[in-house]
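A short write-up of the structure that comes next.
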Amino acid sequence: MSDDNKITITVLYFASACDATGLSSESLTFPLPQMRICELEDKLKARHEKLKNILDICMFAVNKEYCGKDDIVKEGDEVAIIPPVSGG
Amino acid sequence: MSDDNKITITVLYFASACDATGLSSESLTFPLPQMRICELEDKLKARHEKLKNILDICMFAVNKEYCGKDDIVKEGDEVAIIPPVSGG
Amino acid sequence: MTESVDFVKLTTDPLDLQEIVDLVKDNGAGAISTFSGTTRNTFNGKTVVQLDYEAYTPMAIKLLSSLIVTARSQWLITKAAIYHRLGTVPVGETSVIVAVSTVHREESFRAVEFLVNELKASVPIWKKEIYSDGSVWKENAESKRCCRS
Amino acid sequence: MTESVDFVKLTTDPLDLQEIVDLVKDNGAGAISTFSGTTRNTFNGKTVVQLDYEAYTPMAIKLLSSLIVTARSQWLITKAAIYHRLGTVPVGETSVIVAVSTVHREESFRAVEFLVNELKASVPIWKKEIYSDGSVWKENAESKRCCRS
């Protein structure tokens, strides 16, 4: 069973975010019961220098749903960093 | 050379107009130097009983150009009776 | 020799969408929009067996070409094609295809819509709808009656 | 068993317009509109060699399906298909096809335009444009930045 005072999440990186981190995904554990997207953003910026400017123009999705910066991230969530899209 | 006091024209019939006349075309000669479309319309109504109501909802084209009831028909012109279109 | 950019055709042959799209495809164009009109199997509750199309072909060709010229005066079109079937068109088969290629998509949307709407309003092509129990010459709602009233 | 009416697919295979149109063809529908997005050979004067597409596939599929639901809430759609290519797409080849069949044409025009515009705004698919002298991740002008400022 999970420790109630920490969460482990999966962060997915695509396109320019993948280039900047050299990762397509990573699993991160935080000593918190939950966190806001904006808090996660700060932690990712601290963790990946090259992601700083990119994150400023990216959107976030939690479990395949676009979300806002005040939305909550919980244990086991999948968070995707979504650079500006260019499909079509 | 044509007689200056008469004109010979070709009248084309399509769709419902063709059904009504039993003709796809006819050549008509009139003892006039020229005539207006509305005059031709009256003559065609007199000539073809079943064309009366149909002509009321048809357009006319002279030499493949839509025209108005006051437009002039001249020697050698091709006049088409255009029932409401239903292409596409 | 100048490469063709406008394609207009009336034909009794079945229409091939890929063939027509290939006519308008261009490496300088990022967008291709098409419209295909097909024969529906019912009209106001009546069972449609087939459609029979006829045309004043020389005038129809002339008008269709002229519609493309008008469309080009409003939108930046790379290539355009309008094919219309004549003769018997069975249920489910395609009677008209309009295809337009453009650099950007907005213009292809607008141009196809314009060409289809204008075709239905003014081009001398007529459809006889044959039902299981009769037939009738159709009239497009948008068929123009200008110059007449 | 219920007949499928919505078709969404991301694939590395070439896209076949006729195949996709055949999916949406229906004898009760008189109109089929399509949009094909193709790879242009230049962008702002640079020579484009190819495009490389990647996607957050599960979310893209989910969003595309949801876009069709939204379109159906606004227009009477018979069938709809959205296919998008992934991987390398050479110049001149098709990267996306949207096809919609409807009873009347107006609705097919509106629905295709809506689906293409919304796809370009929100679906997590990314295009890297490879030029003869470099490459860059593109951004659709309409790419949404909601929730961020």
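Each chain of the structure tokens is named A, B, ... in the order shown, its residues numbered from 1; ligands are numbered from 1 in display order.
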At a cut-off of 8 Å, which residues of chain A touch chain D? Count only C-alpha atoms and give the answer as a list of chain:residue names. A:Phe14, A:Ala15, A:Ser16, A:Ile57, A:Cys58, A:Met59, A:Lys64, A:Glu65, A:Cys67, A:Gly68, A:Lys69, A:Ile82, A:Pro84, A:Val85, A:Ser86, A:Gly87, A:Gly88
Please report, as a PyMOL selection string, each residue of chain A to which DSSP assigns helix (DSSP H, G or I) when run on this structure's backbone. chain A and resi 15-21+37-47+49-56
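Between atom CA of Asp4 of chain B and atom CA of Asp70 of chain B lies a distance of 21.0 Å.
Residue nearest Asp22 of chain D, chosen from D:Ser101, D:Gln50, D:Ser108, D:Thr2 and counting only C-alpha atoms: D:Ser101.
Using only C-alpha atoms, one finds that the residues of chain C close to chain D, at 6 Å or less, are Asn27, Gly28, Ala29, Gly30, Ala31, Ile32, Ser33, Thr34, Phe35, Ser36, Gly37, Thr38, Thr39, Arg40, Asn41 and Gly92 of chain C.
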Show which residues sit within 12 Å of segment 39-50 of chain B, as an NGL selection string. Count only C-alpha atoms, and ignore same-chain residues fewer than 6 positions away. (:B and (7 or 9-13 or 16-23 or 26-30 or 32 or 56-60 or 62 or 68-74 or 79-81)) or (:C and (148))
